[in-house]
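Undergrad: Pasting query05.txt below, which is compact mmCIF, C-alpha atoms and all ligand atoms.
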# COMPACT_ATOMS: atom_id res chain seq x y z
CA MET A 1 0.50 85.64 9.12
CA LYS A 2 -0.12 89.36 8.57
CA ARG A 3 2.61 91.62 9.90
CA LEU A 4 0.53 93.93 12.09
CA ARG A 5 1.33 97.60 12.44
CA ILE A 6 0.11 98.55 15.92
CA ALA A 7 -0.18 102.03 17.42
CA VAL A 8 -0.02 102.48 21.21
CA ASN A 9 -1.02 105.38 23.45
CA THR A 10 -1.50 106.09 27.14
CA GLY A 11 -4.37 108.42 27.98
CA GLY A 12 -5.61 110.09 31.19
CA GLY A 13 -3.58 110.39 34.37
CA ASP A 14 -0.40 108.35 34.65
CA ALA A 15 -0.17 105.24 36.85
CA PRO A 16 2.80 103.19 38.06
CA GLY A 17 3.22 100.27 35.66
CA LEU A 18 2.62 102.18 32.39
CA ASN A 19 6.18 101.65 31.23
CA ALA A 20 6.01 97.93 32.05
CA VAL A 21 2.87 97.63 29.87
CA LEU A 22 4.64 99.47 27.04
CA ARG A 23 7.66 97.17 27.31
CA ALA A 24 5.49 94.03 27.25
CA ILE A 25 3.44 95.26 24.27
CA THR A 26 6.59 96.16 22.36
CA LEU A 27 8.56 92.97 23.04
CA THR A 28 5.58 90.66 22.50
CA ALA A 29 4.78 92.40 19.22
CA LEU A 30 8.35 92.69 17.90
CA ASN A 31 9.02 89.05 18.73
CA ARG A 32 6.09 88.19 16.44
CA GLY A 33 7.49 90.36 13.67
CA PHE A 34 4.90 93.13 14.20
CA GLU A 35 5.64 96.83 14.12
CA VAL A 36 4.80 99.11 17.07
CA ILE A 37 4.41 102.89 16.91
CA GLY A 38 4.12 104.92 20.10
CA ILE A 39 1.86 107.96 20.17
CA ARG A 40 3.01 110.68 22.54
CA LYS A 41 0.62 112.73 24.71
CA GLY A 42 -2.47 110.56 24.66
CA TYR A 43 -5.10 110.96 21.96
CA LEU A 44 -3.76 114.35 20.84
CA GLY A 45 -0.99 112.45 19.05
CA LEU A 46 -3.63 111.05 16.67
CA LEU A 47 -4.21 114.61 15.47
CA ASP A 48 -0.58 115.71 15.38
CA THR A 49 1.49 113.05 13.65
CA SER A 50 4.80 114.60 14.77
CA GLN A 51 4.00 112.84 18.06
CA LEU A 52 4.61 109.37 16.60
CA PHE A 53 7.78 107.33 17.02
CA PRO A 54 8.71 103.66 16.59
CA LEU A 55 8.86 101.54 19.73
CA THR A 56 11.96 99.41 19.27
CA PHE A 57 13.81 96.94 21.50
CA ASP A 58 16.09 99.81 22.51
CA ALA A 59 13.24 102.22 23.25
CA VAL A 60 11.81 99.92 25.94
CA ARG A 61 15.07 98.67 27.43
CA GLY A 62 15.30 98.93 31.25
CA ILE A 63 11.93 100.63 31.84
CA THR A 64 9.88 97.98 33.67
CA HIS A 65 10.61 99.49 37.09
CA LEU A 66 10.21 103.15 36.09
CA GLY A 67 7.22 105.33 37.07
CA GLY A 68 5.60 107.71 34.56
CA SER A 69 5.32 106.89 30.88
CA ILE A 70 7.91 107.13 28.12
CA LEU A 71 5.00 108.23 25.89
CA GLY A 72 3.86 110.95 28.26
CA THR A 73 0.11 111.25 28.75
CA ASN A 74 -2.66 113.78 28.66
CA ASN A 75 -6.02 113.97 30.38
CA ARG A 76 -7.40 116.80 28.27
CA GLY A 77 -7.08 115.43 24.76
CA ASN A 78 -10.40 114.01 23.61
CA PRO A 79 -10.79 114.10 19.78
CA LEU A 80 -14.54 113.62 20.23
CA ALA A 81 -14.76 116.88 22.20
CA VAL A 82 -11.85 119.31 21.78
CA ARG A 83 -12.26 122.50 23.84
CA VAL A 84 -12.17 125.65 21.77
CA VAL A 85 -12.44 129.19 23.19
CA GLU A 86 -13.50 131.92 20.73
CA ASN A 87 -14.32 135.47 21.78
CA GLY A 88 -14.40 134.33 25.39
CA GLN A 89 -16.97 131.63 24.53
CA GLU A 90 -16.08 128.00 25.14
CA ARG A 91 -17.36 125.18 22.94
CA TYR A 92 -16.47 121.56 22.21
CA VAL A 93 -15.71 120.36 18.69
CA ASP A 94 -15.71 116.76 17.43
CA VAL A 95 -12.53 116.25 15.36
CA SER A 96 -12.57 112.48 15.57
CA ASP A 97 -13.05 112.12 11.79
CA GLN A 98 -9.63 113.71 11.37
CA ALA A 99 -8.17 111.25 13.91
CA VAL A 100 -9.73 108.32 12.04
CA GLU A 101 -8.41 109.67 8.71
CA ASN A 102 -4.87 110.04 10.13
CA PHE A 103 -5.08 106.56 11.57
CA ARG A 104 -5.99 105.08 8.16
CA ARG A 105 -3.47 107.20 6.27
CA LEU A 106 -0.72 105.91 8.57
CA ARG A 107 -1.78 102.33 7.70
CA PHE A 108 -2.25 101.22 11.29
CA ASP A 109 -4.03 97.89 11.78
CA GLY A 110 -5.12 98.81 15.26
CA LEU A 111 -4.55 100.85 18.40
CA ILE A 112 -3.75 99.53 21.88
CA ALA A 113 -5.12 102.22 24.20
CA ILE A 114 -3.92 102.12 27.79
CA GLY A 115 -6.34 104.07 29.92
CA GLY A 116 -8.75 104.42 32.80
CA ASP A 117 -12.47 105.08 32.80
CA GLY A 118 -12.25 108.42 30.93
CA SER A 119 -9.74 107.45 28.26
CA LEU A 120 -11.32 104.05 27.62
CA LYS A 121 -14.65 105.84 27.07
CA ILE A 122 -12.85 107.89 24.39
CA ALA A 123 -11.43 104.61 23.02
CA SER A 124 -14.92 103.16 22.90
CA GLY A 125 -16.17 106.25 21.01
CA LEU A 126 -13.30 106.01 18.51
CA ALA A 127 -13.92 102.27 18.11
CA GLN A 128 -17.49 103.09 17.10
CA LYS A 129 -16.05 105.46 14.48
CA GLY A 130 -14.11 102.58 12.97
CA ILE A 131 -10.71 102.49 14.71
CA PRO A 132 -9.88 98.91 15.77
CA ILE A 133 -8.94 99.25 19.46
CA ILE A 134 -7.86 97.00 22.31
CA GLY A 135 -7.96 98.61 25.76
CA VAL A 136 -5.65 97.99 28.72
CA PRO A 137 -7.11 98.96 32.12
CA LYS A 138 -4.95 101.54 33.89
CA THR A 139 -5.85 103.53 36.97
CA ILE A 140 -4.72 103.85 40.54
CA ASP A 141 -8.43 104.22 41.44
CA ASN A 142 -9.22 100.53 40.65
CA ASP A 143 -12.71 101.62 39.60
CA LEU A 144 -13.14 99.62 36.36
CA ALA A 145 -15.87 97.03 36.84
CA ALA A 146 -14.74 94.57 34.16
CA THR A 147 -11.39 93.67 35.73
CA VAL A 148 -10.65 92.35 39.21
CA VAL A 149 -7.84 94.87 39.52
CA THR A 150 -6.22 97.63 37.45
CA PHE A 151 -2.49 98.24 37.37
CA GLY A 152 -1.22 101.14 39.49
CA PHE A 153 -3.64 100.45 42.32
CA ASP A 154 -1.29 98.24 44.35
CA THR A 155 1.49 100.84 44.18
CA ALA A 156 -0.85 103.66 45.20
CA VAL A 157 -2.06 101.62 48.18
CA ALA A 158 1.54 100.84 49.20
CA THR A 159 2.47 104.56 49.05
CA ALA A 160 -0.64 105.57 51.00
CA THR A 161 -0.09 102.88 53.63
CA ASP A 162 3.49 104.05 54.12
CA ALA A 163 2.20 107.61 54.62
CA ILE A 164 -0.37 106.48 57.19
CA ASP A 165 2.35 104.54 59.07
CA LYS A 166 4.36 107.75 59.27
CA LEU A 167 1.37 109.77 60.48
CA HIS A 168 0.93 107.40 63.43
CA SER A 169 4.13 108.43 65.15
CA THR A 170 3.61 112.17 64.79
CA ALA A 171 -0.09 111.91 65.74
CA GLU A 172 0.78 109.93 68.85
CA SER A 173 3.60 112.18 70.04
CA HIS A 174 1.39 115.29 69.73
CA ASP A 175 -1.88 113.71 70.94
CA ARG A 176 -3.44 114.90 67.69
CA VAL A 177 -6.03 113.79 65.19
CA MET A 178 -4.55 113.51 61.70
CA VAL A 179 -6.90 113.49 58.70
CA VAL A 180 -5.32 112.31 55.45
CA GLU A 181 -7.03 112.65 52.07
CA LEU A 182 -6.37 109.95 49.48
CA MET A 183 -7.24 109.76 45.78
CA GLY A 184 -9.76 107.44 44.12
CA ARG A 185 -12.37 109.75 42.58
CA HIS A 186 -15.87 108.45 43.37
CA CYS A 187 -14.70 105.06 44.63
CA GLY A 188 -13.11 104.30 47.99
CA TRP A 189 -10.73 101.48 47.05
CA ILE A 190 -7.47 103.25 47.89
CA ALA A 191 -8.75 104.73 51.15
CA LEU A 192 -10.30 101.44 52.25
CA SER A 193 -7.26 99.29 51.46
CA ALA A 194 -4.59 101.67 52.78
CA GLY A 195 -6.77 102.60 55.75
CA ILE A 196 -7.07 99.00 56.89
CA ALA A 197 -3.45 98.13 56.12
CA GLY A 198 -2.28 101.29 57.95
CA SER A 199 -4.55 100.72 60.99
CA ALA A 200 -6.67 103.85 60.61
CA ASP A 201 -9.34 104.51 63.23
CA VAL A 202 -11.85 106.04 60.81
CA ILE A 203 -12.16 105.48 57.03
CA LEU A 204 -14.48 107.70 55.03
CA ILE A 205 -15.36 106.47 51.54
CA PRO A 206 -17.83 107.74 48.91
CA GLU A 207 -19.82 104.51 49.13
CA VAL A 208 -20.70 105.20 52.80
CA PRO A 209 -21.98 108.77 53.38
CA PHE A 210 -20.62 109.83 56.76
CA ARG A 211 -21.95 111.76 59.74
CA ILE A 212 -19.41 114.03 61.37
CA ASP A 213 -20.87 113.35 64.84
CA LYS A 214 -20.09 109.64 64.37
CA VAL A 215 -16.51 110.46 63.36
CA CYS A 216 -16.11 112.60 66.50
CA GLU A 217 -17.69 109.87 68.61
CA LYS A 218 -14.96 107.48 67.54
CA VAL A 219 -12.24 110.04 68.34
CA MET A 220 -13.72 110.66 71.80
CA ASP A 221 -14.19 106.94 72.49
CA ARG A 222 -10.48 106.50 71.86
CA GLU A 223 -9.74 109.48 74.10
CA ALA A 224 -11.78 107.91 76.89
CA SER A 225 -9.89 104.65 76.56
CA GLY A 226 -6.52 106.41 76.88
CA ARG A 227 -5.69 106.62 73.16
CA HIS A 228 -5.12 110.34 72.76
CA PHE A 229 -4.55 110.36 69.00
CA SER A 230 -6.56 109.19 66.00
CA ILE A 231 -5.97 108.64 62.31
CA VAL A 232 -8.81 109.47 59.91
CA VAL A 233 -8.38 108.33 56.30
CA CYS A 234 -10.64 110.21 53.94
CA ALA A 235 -11.22 109.34 50.28
CA GLU A 236 -11.26 112.51 48.14
CA GLY A 237 -14.80 111.61 47.03
CA ALA A 238 -16.18 111.05 50.56
CA THR A 239 -19.46 112.87 51.19
CA PRO A 240 -21.45 113.67 54.31
CA VAL A 241 -24.98 112.28 54.61
CA GLY A 242 -27.22 114.52 52.51
CA GLY A 243 -24.21 116.51 51.25
CA GLU A 244 -22.10 116.65 48.11
CA ALA A 245 -18.54 115.85 47.15
CA THR A 246 -15.93 118.60 47.62
CA PHE A 247 -14.17 119.98 44.54
CA VAL A 248 -11.00 122.06 44.20
CA GLU A 249 -12.23 123.36 40.87
CA LYS A 250 -15.17 122.65 38.65
CA THR A 251 -14.37 124.46 35.45
CA ASP A 252 -13.91 123.63 31.78
CA GLY A 253 -16.59 121.00 31.12
CA ARG A 254 -14.43 118.09 32.31
CA GLU A 255 -15.44 116.37 35.48
CA GLY A 256 -14.29 118.66 38.30
CA ARG A 257 -11.15 118.07 40.33
CA LEU A 258 -12.03 116.53 43.69
CA GLY A 259 -10.23 117.76 46.81
CA GLY A 260 -10.58 119.52 50.13
CA ILE A 261 -12.78 117.16 52.12
CA ALA A 262 -10.01 116.27 54.62
CA GLU A 263 -9.56 119.90 55.58
CA LYS A 264 -13.30 120.33 56.12
CA VAL A 265 -13.47 117.17 58.23
CA ALA A 266 -10.43 118.23 60.28
CA LEU A 267 -11.90 121.66 61.06
CA GLU A 268 -15.14 120.07 62.25
CA ILE A 269 -13.35 117.49 64.40
CA GLU A 270 -11.28 120.18 66.11
CA LYS A 271 -14.32 122.39 66.66
CA ARG A 272 -16.49 119.60 68.06
CA THR A 273 -13.97 117.61 70.13
CA GLY A 274 -11.47 120.29 71.13
CA LYS A 275 -8.68 117.95 69.97
CA GLU A 276 -5.86 119.51 68.03
CA THR A 277 -6.36 118.30 64.46
CA ARG A 278 -4.28 118.54 61.28
CA SER A 279 -5.11 117.57 57.72
CA LEU A 280 -3.03 116.75 54.67
CA THR A 281 -3.63 115.64 51.10
CA LEU A 282 -1.30 112.93 49.83
CA GLY A 283 -2.09 113.87 46.23
CA HIS A 284 0.00 112.86 43.24
CA LEU A 285 2.60 111.04 45.33
CA GLN A 286 0.13 108.16 44.97
CA ARG A 287 0.67 108.15 41.20
CA GLY A 288 4.43 108.50 41.18
CA GLY A 289 7.47 106.33 41.69
CA GLN A 290 8.37 102.75 40.99
CA PRO A 291 5.57 100.22 40.56
CA THR A 292 5.43 97.41 43.13
CA ALA A 293 6.41 93.91 42.00
CA PHE A 294 2.68 93.06 41.86
CA ASP A 295 1.97 95.99 39.52
CA ARG A 296 5.00 95.23 37.35
CA LEU A 297 3.89 91.64 36.83
CA LEU A 298 0.27 92.63 36.25
CA SER A 299 1.33 95.33 33.76
CA LEU A 300 3.61 92.97 31.84
CA ARG A 301 0.81 90.39 31.69
CA PHE A 302 -1.72 93.01 30.50
CA GLY A 303 0.66 94.17 27.76
CA ALA A 304 1.43 90.68 26.46
CA ALA A 305 -2.26 89.71 26.58
CA ALA A 306 -3.23 92.82 24.58
CA VAL A 307 -0.90 91.80 21.74
CA ARG A 308 -2.27 88.25 21.79
CA LEU A 309 -5.78 89.72 21.36
CA ALA A 310 -4.54 91.88 18.48
CA GLU A 311 -3.04 88.83 16.82
CA GLU A 312 -6.38 87.03 17.17
CA GLY A 313 -8.14 90.06 15.67
CA ARG A 314 -10.22 90.62 18.79
CA TRP A 315 -10.47 94.40 18.38
CA GLY A 316 -13.12 96.29 20.34
CA THR A 317 -12.22 94.53 23.58
CA MET A 318 -10.37 95.35 26.79
CA VAL A 319 -7.93 93.02 28.53
CA ALA A 320 -9.27 92.08 31.96
CA TYR A 321 -7.69 90.25 34.87
CA ASP A 322 -9.82 87.37 36.06
CA PRO A 323 -7.36 85.49 38.29
CA PRO A 324 -5.48 83.43 37.49
CA GLU A 325 -6.09 84.24 33.80
CA MET A 326 -6.28 87.25 31.51
CA THR A 327 -9.55 87.53 29.58
CA ALA A 328 -11.14 89.98 27.14
CA VAL A 329 -14.36 91.93 27.67
CA PRO A 330 -16.17 94.12 25.10
CA LEU A 331 -14.78 97.67 25.34
CA GLU A 332 -18.25 99.19 25.56
CA ALA A 333 -19.23 96.94 28.46
CA ALA A 334 -15.91 97.63 30.20
CA VAL A 335 -16.71 101.34 30.58
CA ALA A 336 -20.44 101.00 31.20
CA SER A 337 -20.26 101.19 34.98
CA LEU A 338 -17.86 101.98 37.80
CA LYS A 339 -16.70 99.35 40.27
CA ARG A 340 -17.69 100.70 43.66
CA VAL A 341 -16.69 99.19 47.01
CA PRO A 342 -19.31 96.56 47.92
CA LEU A 343 -20.59 97.35 51.40
CA ASP A 344 -21.40 93.73 52.16
CA GLY A 345 -17.98 92.55 50.91
CA ASP A 346 -15.35 90.89 53.05
CA THR A 347 -13.01 93.90 53.15
CA VAL A 348 -15.56 96.33 54.60
CA ARG A 349 -16.71 93.60 56.96
CA THR A 350 -13.16 93.00 58.13
CA ALA A 351 -12.64 96.72 58.76
CA ARG A 352 -15.77 96.87 60.90
CA GLU A 353 -14.69 93.75 62.81
CA LEU A 354 -11.37 95.46 63.55
CA GLY A 355 -13.30 98.33 65.13
CA ILE A 356 -12.68 100.82 62.30
CA SER A 357 -15.46 103.40 61.99
CA PHE A 358 -16.90 104.44 58.60
CA GLY A 359 -18.59 107.42 60.22
CA ASP A 360 -22.03 105.86 59.74
O1 LIG A 401 -7.90 108.91 38.14
C1 LIG A 401 -6.66 109.03 38.75
C2 LIG A 401 -6.59 110.27 39.61
O2 LIG A 401 -5.34 110.31 40.24
C3 LIG A 401 -7.73 110.41 40.62
O3 LIG A 401 -7.55 109.59 41.75
C4 LIG A 401 -7.70 111.89 40.90
O4 LIG A 401 -8.95 112.35 41.32
C5 LIG A 401 -7.34 112.46 39.55
O5 LIG A 401 -6.71 111.43 38.81
C6 LIG A 401 -6.42 113.66 39.63
O6 LIG A 401 -6.26 114.17 38.34
P1 LIG A 401 -5.19 115.26 37.93
O7 LIG A 401 -3.92 114.54 37.61
O8 LIG A 401 -5.81 115.92 36.75
O9 LIG A 401 -5.02 116.18 39.11
Output the structure of this file as structure tokens.
TA:
Amino acid sequence: MKRLRIAVNTGGGDAPGLNAVLRAITLTALNRGFEVIGIRKGYLGLLDTSQLFPLTFDAVRGITHLGGSILGTNNRGNPLAVRVVENGQERYVDVSDQAVENFRRLRFDGLIAIGGDGSLKIASGLAQKGIPIIGVPKTIDNDLAATVVTFGFDTAVATATDAIDKLHSTAESHDRVMVVELMGRHCGWIALSAGIAGSADVILIPEVPFRIDKVCEKVMDREASGRHFSIVVCAEGATPVGGEATFVEKTDGREGRLGGIAEKVALEIEKRTGKETRSLTLGHLQRGGQPTAFDRLLSLRFGAAAVRLAEEGRWGTMVAYDPPEMTAVPLEAAVASLKRVPLDGDTVRTARELGISFGD
């Protein structure tokens, strides 16, 4: 059997479980006699070969439970569109041919790219340019349609649920409304799951445009029934009926950075109900720390499955979890559409049956 020389990178935002994937890829490959080279800092490492280093048994020892990534990551390095500013003018340059040339010169047989929607789209573009790639689905947002779940999501939900639990006691002792903003981009998976698990009173998700009067109605109904506090969980991508998503910044050609909707909602609730209201954004805490046992196992299984696909020569695919098995889906199809929360699904239905309002 051919002794494969496999490159590995992690692109986009980090997610708990990245190190477990790297450990599984490395051990599974080394135990087959393959060679594994880590690329630091996402796709930029394909342009700057000083970013390469061998992944050995020692390099991945004791990292399954660690957050972050021993390779680091980067959500700005796209070889198909590198941002260049000249004389105050910004433009995007395609340097992917150079990345492909480096890849060939380094005699790699293939690349295992661990990424979410954005970085797997880059992977798909590079695959079309001739780099043999296998994708591994990573994102706390759980928004990749081709896999039942992505790694990192379970940990983010656990962190967010813990935060909501903590908000309950302070909300109740002050008779306040607390509005907490959770990540997830344009999908409401984290807000929905943590909101239900943390017994929120209102959950606002991008899939259900909300009306602020309905949110206030829920708060006042609780007030009337002697519950003088409320917890509102707000996905960062939540939008009012007829309105738009709220961005912190919308600059440099990348998709803008979502954020600020919780503060807006909180101000409106206080103005309309007279109830003292506070807002907070949980932010990157959702991406940090140790992965849960579920995410560790999922990550290890994703990593091992990716090497099996490489061994079988099934480049151009992404590993997908289709319980109880791991499968492979074409990379292009894997990034074709986002997985949004189904409104007729059991989870939304359960939330409604528990009396949780979606502000609709
Ligand atoms: O995609 C993961 C994610 O954490 C989103 O939930 C969030 O909108 C975004 O990344 C934040 O990106 P950054 O790390 O650039 O602030």
Undergrad: Using all atoms listed in the file, which residues of the polymer chains come no farther than 7 Å from ligand LIG 401 (chain A)? I'd like the answer as a compact mmCIF listing (two decimals) with C-alpha atoms, in the coordinates of the input.
TA:
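Output file result-v8.txt follows:
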# COMPACT_ATOMS: atom_id res chain seq x y z
CA GLY A 13 -3.58 110.39 34.37
CA ASN A 75 -6.02 113.97 30.38
CA THR A 139 -5.85 103.53 36.97
CA ILE A 140 -4.72 103.85 40.54
CA ASP A 141 -8.43 104.22 41.44
CA MET A 183 -7.24 109.76 45.78
CA GLY A 184 -9.76 107.44 44.12
CA ARG A 185 -12.37 109.75 42.58
CA ARG A 257 -11.15 118.07 40.33
CA LEU A 258 -12.03 116.53 43.69
CA HIS A 284 0.00 112.86 43.24
CA ARG A 287 0.67 108.15 41.20
Undergrad: I'd like to know which of A:Ala127, A:Val84, A:Leu309, A:Leu282 is closest to A:Val157, using all atoms listed in the file.
TA: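 Among A:Ala127, A:Val84, A:Leu309, A:Leu282, it is A:Leu282 that comes nearest to A:Val157.
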Undergrad: With all atoms listed in the file as the atoms that count, which of A:Gly283, A:Lys250, A:Gly316, A:Pro240 lies nearest to A:Arg211?
TA: A:Pro240
Undergrad: Hey, which of A:Ile212, A:Leu298, A:Leu331, A:Thr159 ends up closest to A:Leu126? Count all atoms listed in the file.
TA: A:Leu331
Undergrad: Which is closest to A:Ile190 among A:Val341, A:Pro137, A:Leu44, A:Leu27, if we use all atoms listed in the file?
TA: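 Answer, going by the shortest atom-to-atom distance: A:Val341.
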Undergrad: So that all listed atoms of stretch 35-47 of chain A fit with 3 Å spare on each side, what axis-aligned box centre and edge lengths in Å, to one decimal, would you give as lines of an AutoDock Vina configuration file?
TA:
center_x = 0.3
center_y = 105.7
center_z = 19.4
size_x = 16.7
size_y = 23.8
size_z = 16.6
Undergrad: Find, counting only C-alpha atoms, the residue in A:Ala194, A:Ile122, A:Ala20, A:Met178 that gets nearest to A:Ala293.
TA: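 Once distances to A:Ala293 are computed over only C-alpha atoms, the minimum belongs to A:Ala20.
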Undergrad: Excluding stretch 270-280 of chain A and its own-chain neighbours fewer than 4 positions away, which residues fall within 10 Å of it when counting all atoms listed in the file? Please give them as a short mmCIF file (atom, residue, chain, number, x, y, z; two decimals) with C-alpha atoms, in the coordinates of the input.
TA:
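Okay, this is what ended up in out_6.cif:
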data_model
loop_
_atom_site.label_atom_id
_atom_site.label_comp_id
_atom_site.auth_asym_id
_atom_site.auth_seq_id
_atom_site.Cartn_x
_atom_site.Cartn_y
_atom_site.Cartn_z
CA ALA A 171 -0.09 111.91 65.74
CA HIS A 174 1.39 115.29 69.73
CA ASP A 175 -1.88 113.71 70.94
CA ARG A 176 -3.44 114.90 67.69
CA VAL A 177 -6.03 113.79 65.19
CA MET A 178 -4.55 113.51 61.70
CA VAL A 179 -6.90 113.49 58.70
CA VAL A 180 -5.32 112.31 55.45
CA GLU A 181 -7.03 112.65 52.07
CA LEU A 182 -6.37 109.95 49.48
CA ILE A 212 -19.41 114.03 61.37
CA ASP A 213 -20.87 113.35 64.84
CA CYS A 216 -16.11 112.60 66.50
CA GLU A 217 -17.69 109.87 68.61
CA VAL A 219 -12.24 110.04 68.34
CA MET A 220 -13.72 110.66 71.80
CA GLU A 223 -9.74 109.48 74.10
CA HIS A 228 -5.12 110.34 72.76
CA PHE A 229 -4.55 110.36 69.00
CA SER A 230 -6.56 109.19 66.00
CA ILE A 231 -5.97 108.64 62.31
CA VAL A 232 -8.81 109.47 59.91
CA VAL A 233 -8.38 108.33 56.30
CA CYS A 234 -10.64 110.21 53.94
CA GLY A 260 -10.58 119.52 50.13
CA ILE A 261 -12.78 117.16 52.12
CA ALA A 262 -10.01 116.27 54.62
CA GLU A 263 -9.56 119.90 55.58
CA LYS A 264 -13.30 120.33 56.12
CA VAL A 265 -13.47 117.17 58.23
CA ALA A 266 -10.43 118.23 60.28
#
Undergrad: Quote the spacing between atom CA of A:Ala7 and atom CA of A:Tyr321 in Å to one decimal place.
TA: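 Interatomic distance here is 22.4 Å.
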Undergrad: Just to confirm, what's the straight-line distance from atom CA of A:Gly72 to atom CA of A:Thr10 in Å (one decimal)?
TA: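 Atom-to-atom, atom CA of A:Gly72 and atom CA of A:Thr10 are spaced 7.3 Å apart.
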Undergrad: Determine the nearest neighbour of A:Arg308 from the options A:Leu106, A:Met326, A:Val335, A:Val248, counting only C-alpha atoms.
TA: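 The closest residue to A:Arg308 is A:Met326.
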Undergrad: Using only C-alpha atoms, can you list as number ranges by chain the residues within 12 Å of (6.9, 108.8, 21.9)?
TA: A: 7-10, 19, 22, 36-42, 45-46, 49-56, 59-60, 69-73
Undergrad: Which residues, written as a short mmCIF file (atom, residue, chain, number, x, y, z; two decimals) with C-alpha atoms, keeping the file's coordinate frame, have at least one atom at most 6 Å from A:Pro291, with all atoms listed in the file counted and residues fewer than 6 positions away on the same chain left out?
TA:
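The resulting file, part.cif, is reproduced below:
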data_model
loop_
_atom_site.label_atom_id
_atom_site.label_comp_id
_atom_site.auth_asym_id
_atom_site.auth_seq_id
_atom_site.Cartn_x
_atom_site.Cartn_y
_atom_site.Cartn_z
CA PRO A 16 2.80 103.19 38.06
CA GLY A 17 3.22 100.27 35.66
CA THR A 155 1.49 100.84 44.18
#
Undergrad: Would you write out, as a Markdown table, a table of all residues in stretch 117-221 of chain A that have an atom no more than 12 Å from an atom of stretch 351-360 of chain A, listing for each the closest atom pair and the distance in Å to one decimal, considering all atoms listed in the file and ordering rows by chain and rising residue number?
TA:
| residue | atom | partner | partner_atom | distance |
| --- | --- | --- | --- | --- |
| A:Gly188 | CA | A:Phe358 | CA | 11.3 |
| A:Ala191 | CA | A:Phe358 | CA | 11.0 |
| A:Leu192 | CA | A:Ala351 | CA | 8.4 |
| A:Ser193 | CA | A:Ala351 | CA | 9.4 |
| A:Ala194 | CA | A:Ala351 | CA | 11.2 |
| A:Gly195 | CA | A:Ala351 | CA | 8.8 |
| A:Ile196 | CA | A:Ala351 | CA | 6.3 |
| A:Ala197 | CA | A:Ala351 | CA | 9.7 |
| A:Gly198 | CA | A:Ile356 | CA | 11.3 |
| A:Ser199 | CA | A:Ile356 | CA | 8.2 |
| A:Ala200 | CA | A:Ile356 | CA | 6.9 |
| A:Asp201 | CA | A:Ile356 | CA | 5.1 |
| A:Val202 | CA | A:Ser357 | CA | 4.6 |
| A:Ile203 | CA | A:Phe358 | CA | 5.1 |
| A:Leu204 | CA | A:Phe358 | CA | 5.4 |
| A:Ile205 | CA | A:Phe358 | CA | 7.5 |
| A:Pro206 | CA | A:Phe358 | CA | 10.3 |
| A:Glu207 | CA | A:Phe358 | CA | 9.9 |
| A:Val208 | CA | A:Phe358 | CA | 7.0 |
| A:Pro209 | CA | A:Asp360 | CA | 7.0 |
| A:Phe210 | CA | A:Gly359 | CA | 4.7 |
| A:Arg211 | CA | A:Gly359 | CA | 5.5 |
| A:Ile212 | CA | A:Gly359 | CA | 6.8 |
| A:Asp213 | CA | A:Gly359 | CA | 7.9 |
| A:Lys214 | CA | A:Gly359 | CA | 4.9 |
| A:Val215 | CA | A:Gly359 | CA | 4.8 |
| A:Cys216 | CA | A:Gly359 | CA | 8.5 |
| A:Glu217 | CA | A:Gly359 | CA | 8.8 |
| A:Lys218 | CA | A:Ser357 | CA | 6.9 |
| A:Val219 | CA | A:Ser357 | CA | 9.7 |
| A:Asp221 | CA | A:Ser357 | CA | 11.2 |
Undergrad: Tell me, in Å to one decimal, how far atom CA of A:Thr327 is from atom CA of A:Phe302.
TA: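 Atom CA of A:Thr327 sits 9.6 Å away from atom CA of A:Phe302.
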Undergrad: Show me the residues close to (0.5, 85.7, 19.2) - anything with an atom within 12 Å, counting only C-alpha atoms - and format the list as a PDB file with C-alpha atoms, in the coordinates of the input.
TA:
ATOM      1  CA  MET A   1       0.500  85.640   9.120  1.00  0.00           C
ATOM      2  CA  LYS A   2      -0.120  89.360   8.570  1.00  0.00           C
ATOM      3  CA  ARG A   3       2.610  91.620   9.900  1.00  0.00           C
ATOM      4  CA  LEU A   4       0.530  93.930  12.090  1.00  0.00           C
ATOM      5  CA  ILE A  25       3.440  95.260  24.270  1.00  0.00           C
ATOM      6  CA  LEU A  27       8.560  92.970  23.040  1.00  0.00           C
ATOM      7  CA  THR A  28       5.580  90.660  22.500  1.00  0.00           C
ATOM      8  CA  ALA A  29       4.780  92.400  19.220  1.00  0.00           C
ATOM      9  CA  LEU A  30       8.350  92.690  17.900  1.00  0.00           C
ATOM     10  CA  ASN A  31       9.020  89.050  18.730  1.00  0.00           C
ATOM     11  CA  ARG A  32       6.090  88.190  16.440  1.00  0.00           C
ATOM     12  CA  GLY A  33       7.490  90.360  13.670  1.00  0.00           C
ATOM     13  CA  PHE A  34       4.900  93.130  14.200  1.00  0.00           C
ATOM     14  CA  ALA A 304       1.430  90.680  26.460  1.00  0.00           C
ATOM     15  CA  ALA A 305      -2.260  89.710  26.580  1.00  0.00           C
ATOM     16  CA  ALA A 306      -3.230  92.820  24.580  1.00  0.00           C
ATOM     17  CA  VAL A 307      -0.900  91.800  21.740  1.00  0.00           C
ATOM     18  CA  ARG A 308      -2.270  88.250  21.790  1.00  0.00           C
ATOM     19  CA  LEU A 309      -5.780  89.720  21.360  1.00  0.00           C
ATOM     20  CA  ALA A 310      -4.540  91.880  18.480  1.00  0.00           C
ATOM     21  CA  GLU A 311      -3.040  88.830  16.820  1.00  0.00           C
ATOM     22  CA  GLU A 312      -6.380  87.030  17.170  1.00  0.00           C
ATOM     23  CA  GLY A 313      -8.140  90.060  15.670  1.00  0.00           C
ATOM     24  CA  ARG A 314     -10.220  90.620  18.790  1.00  0.00           C
TER      25      ARG A 314
END
Undergrad: Just want the 6 Å neighbourhood of A:Gly110, counted on only C-alpha atoms, with same-chain residues fewer than 4 positions away dropped. Output as an NGL selection string.
TA: :A and (6 or 132-133)
